[in-house]
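Below is query06.cif, holding mmCIF, C-alpha atoms.
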```cif
data_upload
#
loop_
_atom_site.label_atom_id
_atom_site.label_comp_id
_atom_site.auth_asym_id
_atom_site.auth_seq_id
_atom_site.Cartn_x
_atom_site.Cartn_y
_atom_site.Cartn_z
CA MET A 204 21.58 -14.68 28.28
CA GLU A 205 18.14 -15.37 29.67
CA VAL A 206 15.80 -17.30 27.39
CA LEU A 207 12.34 -15.74 27.24
CA HIS A 208 10.73 -18.00 24.64
CA ALA A 209 11.42 -21.72 24.73
CA CYS A 210 10.26 -22.24 21.14
CA CYS A 211 10.21 -19.41 18.65
CA CYS A 212 10.73 -18.77 14.96
CA GLY A 213 12.49 -16.18 12.83
CA LEU A 214 11.29 -15.50 9.29
CA ASP A 215 13.33 -14.05 6.44
CA VAL A 216 10.67 -12.88 3.98
CA HIS A 217 11.37 -12.21 0.31
CA LYS A 218 9.30 -11.73 -2.82
CA LYS A 219 9.27 -15.38 -3.86
CA GLY A 220 10.22 -17.25 -0.72
CA VAL A 221 10.25 -17.36 3.07
CA THR A 222 13.08 -18.88 5.10
CA ALA A 223 11.93 -20.09 8.52
CA CYS A 224 14.21 -21.03 11.41
CA VAL A 225 12.72 -22.56 14.56
CA LEU A 226 14.79 -22.52 17.76
CA TRP A 227 14.16 -24.78 20.75
CA ALA A 228 15.83 -23.86 24.05
CA GLU A 229 17.20 -26.93 25.81
CA GLY A 230 18.90 -27.41 29.15
CA LYS A 231 22.33 -26.06 30.12
CA GLY A 232 22.28 -23.27 27.54
CA LYS A 233 21.94 -25.59 24.58
CA LYS A 234 19.53 -25.04 21.72
CA ARG A 235 18.30 -26.91 18.71
CA LYS A 236 17.32 -25.40 15.38
CA GLU A 237 15.55 -26.43 12.21
CA LYS A 238 15.26 -24.49 8.96
CA ARG A 239 12.83 -24.80 6.10
CA GLN A 240 12.05 -22.94 2.89
CA PHE A 241 8.52 -22.00 1.87
CA GLY A 242 6.98 -20.18 -1.08
CA THR A 243 4.84 -17.07 -0.80
CA MET A 244 1.62 -18.41 -2.30
CA THR A 245 -1.32 -18.83 0.08
CA ARG A 246 -0.96 -22.61 0.06
CA ASP A 247 2.71 -22.32 1.01
CA LEU A 248 1.99 -19.86 3.82
CA LEU A 249 -0.71 -22.16 5.22
CA ALA A 250 1.86 -24.98 5.16
CA LEU A 251 4.23 -22.68 7.05
CA ALA A 252 1.58 -22.06 9.71
CA ASP A 253 0.91 -25.81 10.04
CA TRP A 254 4.63 -26.54 10.45
CA LEU A 255 5.03 -23.83 13.11
CA ARG A 256 2.10 -25.24 15.08
CA ALA A 257 3.53 -28.75 14.83
CA CYS A 258 6.84 -27.45 16.18
CA GLY A 259 5.13 -25.85 19.16
CA VAL A 260 6.13 -22.31 18.21
CA THR A 261 4.58 -19.56 20.32
CA HIS A 262 6.35 -16.43 19.01
CA VAL A 263 7.30 -15.42 15.46
CA ALA A 264 9.40 -12.46 14.32
CA MET A 265 10.16 -11.04 10.87
CA GLU A 266 11.56 -7.92 9.26
CA SER A 267 9.31 -5.26 7.77
CA THR A 268 10.54 -5.91 4.22
CA GLY A 269 8.61 -3.70 1.77
CA VAL A 270 5.08 -5.06 1.43
CA TYR A 271 6.13 -8.72 1.32
CA TRP A 272 5.55 -9.20 5.05
CA LYS A 273 1.84 -8.41 4.83
CA PRO A 274 0.55 -11.73 3.37
CA VAL A 275 2.66 -13.64 5.90
CA TRP A 276 1.29 -11.51 8.72
CA ASN A 277 -2.30 -11.98 7.54
CA VAL A 278 -1.97 -15.79 7.52
CA LEU A 279 -0.17 -16.09 10.86
CA GLU A 280 -2.10 -13.42 12.73
CA GLY A 281 -4.22 -14.85 15.52
CA GLN A 282 -2.30 -18.13 15.63
CA PHE A 283 1.00 -16.87 17.07
CA GLU A 284 2.43 -13.87 18.86
CA ILE A 285 3.97 -12.00 15.92
CA LEU A 286 6.61 -9.29 16.05
CA LEU A 287 7.27 -7.04 13.07
CA VAL A 288 10.75 -5.57 13.46
CA ASN A 289 12.54 -2.73 11.72
CA ALA A 290 15.44 -4.08 9.66
CA GLN A 291 17.77 -1.30 10.81
CA HIS A 292 17.14 -2.23 14.43
CA ILE A 293 18.11 -5.86 13.74
CA LYS A 294 21.34 -4.80 12.02
CA ALA A 295 22.23 -2.55 14.94
CA VAL A 296 22.22 -5.38 17.50
CA PRO A 297 25.82 -6.58 18.03
CA GLY A 298 27.01 -10.17 18.40
CA ARG A 299 25.92 -11.73 15.13
CA LYS A 300 27.96 -14.71 13.93
CA THR A 301 29.30 -14.50 10.39
CA ASP A 302 27.76 -17.84 9.36
CA GLN A 303 24.26 -17.03 10.66
CA ASN A 304 21.60 -16.31 8.05
CA ASP A 305 18.90 -13.70 8.63
CA ALA A 306 16.18 -16.09 9.80
CA GLU A 307 18.42 -17.73 12.41
CA TRP A 308 19.66 -14.36 13.69
CA ILE A 309 16.09 -13.05 14.02
CA ALA A 310 15.06 -16.20 15.88
CA ASP A 311 18.09 -15.91 18.19
CA LEU A 312 17.28 -12.30 19.06
CA LEU A 313 13.62 -13.12 19.57
CA GLN A 314 14.43 -16.01 21.92
CA HIS A 315 16.32 -13.66 24.23
CA GLY A 316 13.89 -10.73 24.01
CA LEU A 317 16.23 -8.41 22.12
CA LEU A 318 13.77 -7.30 19.46
CA ARG A 319 11.66 -4.15 19.58
CA ARG A 320 8.38 -4.61 17.77
CA SER A 321 6.90 -2.08 15.37
CA PHE A 322 3.28 -1.04 15.80
CA VAL A 323 0.85 -2.80 13.47
CA PRO A 324 -2.77 -1.53 13.73
CA PRO A 325 -5.67 -3.97 14.07
CA THR A 326 -7.20 -5.41 10.90
CA ALA A 327 -10.15 -3.00 10.86
CA ILE A 328 -7.85 0.02 11.16
CA ARG A 329 -5.54 -1.29 8.42
CA GLU A 330 -8.48 -1.77 6.05
CA LEU A 331 -9.83 1.71 6.82
CA ARG A 332 -6.37 3.22 6.30
CA ASP A 333 -5.99 1.50 2.92
CA LEU A 334 -9.45 2.76 1.90
CA THR A 335 -8.79 6.37 2.90
CA ARG A 336 -5.38 6.35 1.21
CA TYR A 337 -6.96 5.02 -1.98
CA ARG A 338 -9.61 7.75 -1.84
CA VAL A 339 -6.91 10.41 -1.47
CA SER A 340 -5.07 9.03 -4.50
CA LEU A 341 -8.30 9.10 -6.55
CA VAL A 342 -9.01 12.72 -5.58
CA GLN A 343 -5.45 13.72 -6.48
CA GLU A 344 -5.75 11.94 -9.84
CA CYS A 345 -9.01 13.79 -10.58
CA ASN A 346 -7.33 17.10 -9.79
CA ARG A 347 -4.40 16.26 -12.07
CA LEU A 348 -6.76 15.43 -14.95
CA ALA A 349 -8.76 18.62 -14.42
CA ASN A 350 -5.57 20.68 -14.49
CA ARG A 351 -4.42 18.94 -17.70
CA ILE A 352 -7.76 19.65 -19.39
CA GLN A 353 -7.61 23.29 -18.33
CA LYS A 354 -4.06 23.59 -19.65
CA VAL A 355 -5.05 22.16 -23.04
CA LEU A 356 -7.96 24.62 -23.28
CA GLU A 357 -5.77 27.57 -22.32
CA ASP A 358 -3.11 26.52 -24.86
CA ALA A 359 -5.83 26.63 -27.52
CA ASN A 360 -7.04 29.99 -26.14
CA ILE A 361 -10.46 28.52 -25.33
CA LYS A 362 -11.56 30.51 -22.27
CA LEU A 363 -14.15 28.13 -20.89
CA ALA A 364 -13.17 28.90 -17.28
CA SER A 365 -13.95 32.57 -17.91
CA VAL A 366 -17.66 31.96 -18.52
CA ALA A 367 -18.31 28.82 -16.47
CA THR A 368 -18.00 28.72 -12.70
CA ASP A 369 -16.85 25.11 -12.95
CA ALA A 370 -15.22 24.23 -16.26
CA LEU A 371 -15.89 20.55 -15.56
CA GLY A 372 -19.38 21.03 -14.18
CA ALA A 373 -22.58 20.05 -15.99
CA SER A 374 -22.53 23.02 -18.38
CA GLY A 375 -18.79 22.87 -18.96
CA ARG A 376 -18.88 19.15 -19.73
CA ALA A 377 -21.83 19.61 -22.09
CA MET A 378 -20.00 22.32 -24.03
CA LEU A 379 -16.78 20.34 -24.16
CA LYS A 380 -18.67 17.33 -25.46
CA ALA A 381 -20.37 19.47 -28.11
CA MET A 382 -17.05 20.92 -29.20
CA ILE A 383 -15.47 17.46 -29.45
CA GLU A 384 -18.40 16.17 -31.49
CA GLY A 385 -18.08 19.16 -33.82
CA GLU A 386 -21.45 20.81 -33.17
CA GLU A 387 -22.10 24.21 -34.61
CA MET A 388 -21.24 27.12 -32.38
CA ARG A 389 -24.83 28.30 -32.24
CA ARG A 390 -26.00 25.00 -30.76
CA ASN A 391 -23.09 25.09 -28.36
CA TRP A 392 -24.20 28.53 -27.19
CA ARG A 393 -27.65 27.13 -26.48
CA ARG A 394 -26.00 24.60 -24.16
CA CYS A 395 -24.31 27.51 -22.46
CA ARG A 396 -27.61 29.39 -22.11
CA ALA A 397 -29.35 26.30 -20.68
CA GLY A 398 -26.60 25.71 -18.12
CA TYR A 399 -25.41 27.47 -15.01
CA CYS A 400 -23.55 30.09 -17.00
CA GLY A 401 -26.75 31.25 -18.72
CA THR A 402 -26.35 34.75 -17.27
CA LYS A 403 -23.17 35.10 -19.30
CA PHE A 404 -24.70 33.87 -22.55
CA ARG A 405 -23.52 36.85 -24.61
CA SER A 406 -19.97 36.39 -23.40
CA CYS A 407 -20.04 32.68 -24.27
CA ARG A 408 -19.41 33.34 -27.96
CA GLU A 409 -15.94 34.77 -27.62
CA PRO A 410 -14.22 32.06 -25.56
CA TRP A 411 -14.96 29.39 -28.20
CA LYS A 412 -13.13 31.06 -31.06
CA GLY A 413 -9.77 29.82 -29.88
CA ALA A 414 -6.40 30.72 -31.28
#
```
Take the structure in the file and give it back as structure tokens.
Amino acid sequence: MEVLHACCCGLDVHKKGVTACVLWAEGKGKKRKEKRQFGTMTRDLLALADWLRACGVTHVAMESTGVYWKPVWNVLEGQFEILLVNAQHIKAVPGRKTDQNDAEWIADLLQHGLLRRSFVPPTAIRELRDLTRYRVSLVQECNRLANRIQKVLEDANIKLASVATDALGASGRAMLKAMIEGEEMRRNWRRCRAGYCGTKFRSCREPWKGA
């Protein structure tokens, strides 16, 4: 098969280690390989990058294994042409030798242009995506907590939502705090009168009796 990359590397990334296999294409269809093991700490990944540069590597490929590929990608990005490949796609390519490990097989496929890269957004887009996803998770967590509080109140037959537009608004929080601190009901009603639900002051007495 035609060789597209004279010197390339395949990476087999795991939680605690990275196996790297560099392939050099030589004349008359021959090739030379060298394998090394590296850790996943930043110092180890920087050593990996130094070794790849010393070998003259131009292209690097690795599987999209969980989240373990991300630190490797972040260290190597900008120094080499990196391909992130779906693991199922690699397994589907025929012709693998039984004694080949994953790193060597990835490097072999990369050398002949048989890998289809997955899309990885630019750094700015990845950071924005992580931020928006984190915001969504925080909003969902707030909603879950609000629903749990409302369920506890309803189980105790405390009808705070019946007299307050927002049970967790300023007035609702003030009344909940007063109830937790054990304030007298009369003082708690004053909080209700001073808050947004002041127009329903007379109806504020009943919801606090509970079951």
Test item: the PyMOL selection byres ((chain A and resi 280-289) around 10) resolved as an MDAnalysis selection string: chainID A and resid 211:213 252 255:256 260:268 272:279 290:294 309 313 318:323 326
Could you tell me how far atom CA of A:Gly220 lies from atom CA of A:Thr243, in Å and to one decimal?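 Pair atom CA of A:Gly220 / atom CA of A:Thr243 returns 5.4 Å.
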Find the spatial neighbours of A:Gly232, counting all atoms listed in the file, within a cut-off of 12 Å - ignore same-chain residues fewer than 4 positions away - and output them as a count of residues only. 7
List the spatial neighbours of A:Gly242 as a compact mmCIF listing (two decimals) with C-alpha atoms, keeping the file's coordinate frame - criterion: any atom at most 9 Å away, all atoms listed in the file, same-chain residues fewer than 2 positions off excluded.
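File part-v6.txt, as written:
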```txt
# COMPACT_ATOMS: atom_id res chain seq x y z
CA LYS A 218 9.30 -11.73 -2.82
CA LYS A 219 9.27 -15.38 -3.86
CA GLY A 220 10.22 -17.25 -0.72
CA VAL A 221 10.25 -17.36 3.07
CA THR A 222 13.08 -18.88 5.10
CA GLN A 240 12.05 -22.94 2.89
CA MET A 244 1.62 -18.41 -2.30
CA THR A 245 -1.32 -18.83 0.08
CA ARG A 246 -0.96 -22.61 0.06
CA ASP A 247 2.71 -22.32 1.01
CA LEU A 248 1.99 -19.86 3.82
CA LEU A 251 4.23 -22.68 7.05
```
Pairwise distance, atom CA of A:Ala377 with atom CA of A:Leu341, equals 23.1 Å
Just how far from atom CA of A:Gly375 is atom CA of A:Glu344, in Å to one decimal? 19.3 Å
Edge lengths and centre in Å to one decimal, as JSON, is what I'm after for the box along x, y and z that holds all listed atoms of stretch 309-322 of chain A once 5 Å is added on each side.
```
{"center_x": 10.7, "center_y": -8.6, "center_z": 19.1, "size_x": 24.8, "size_y": 25.2, "size_z": 20.2}
```
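Closest to A:Ala349 among A:Ile361, A:Thr335, A:Arg239, A:Gly372 is A:Gly372, based on only C-alpha atoms.
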Evaluate the PyMOL selection byres ((chain A and resi 305) around 9) on the structure here and hand back the selected residues as a PDB file with C-alpha atoms, keeping the file's coordinate frame.
```
ATOM      1  CA  GLY A 213      12.490 -16.180  12.830  1.00  0.00           C
ATOM      2  CA  LEU A 214      11.290 -15.500   9.290  1.00  0.00           C
ATOM      3  CA  ASP A 215      13.330 -14.050   6.440  1.00  0.00           C
ATOM      4  CA  THR A 222      13.080 -18.880   5.100  1.00  0.00           C
ATOM      5  CA  GLN A 303      24.260 -17.030  10.660  1.00  0.00           C
ATOM      6  CA  ASN A 304      21.600 -16.310   8.050  1.00  0.00           C
ATOM      7  CA  ALA A 306      16.180 -16.090   9.800  1.00  0.00           C
ATOM      8  CA  GLU A 307      18.420 -17.730  12.410  1.00  0.00           C
ATOM      9  CA  TRP A 308      19.660 -14.360  13.690  1.00  0.00           C
ATOM     10  CA  ILE A 309      16.090 -13.050  14.020  1.00  0.00           C
ATOM     11  CA  ALA A 310      15.060 -16.200  15.880  1.00  0.00           C
TER      12      ALA A 310
END
```
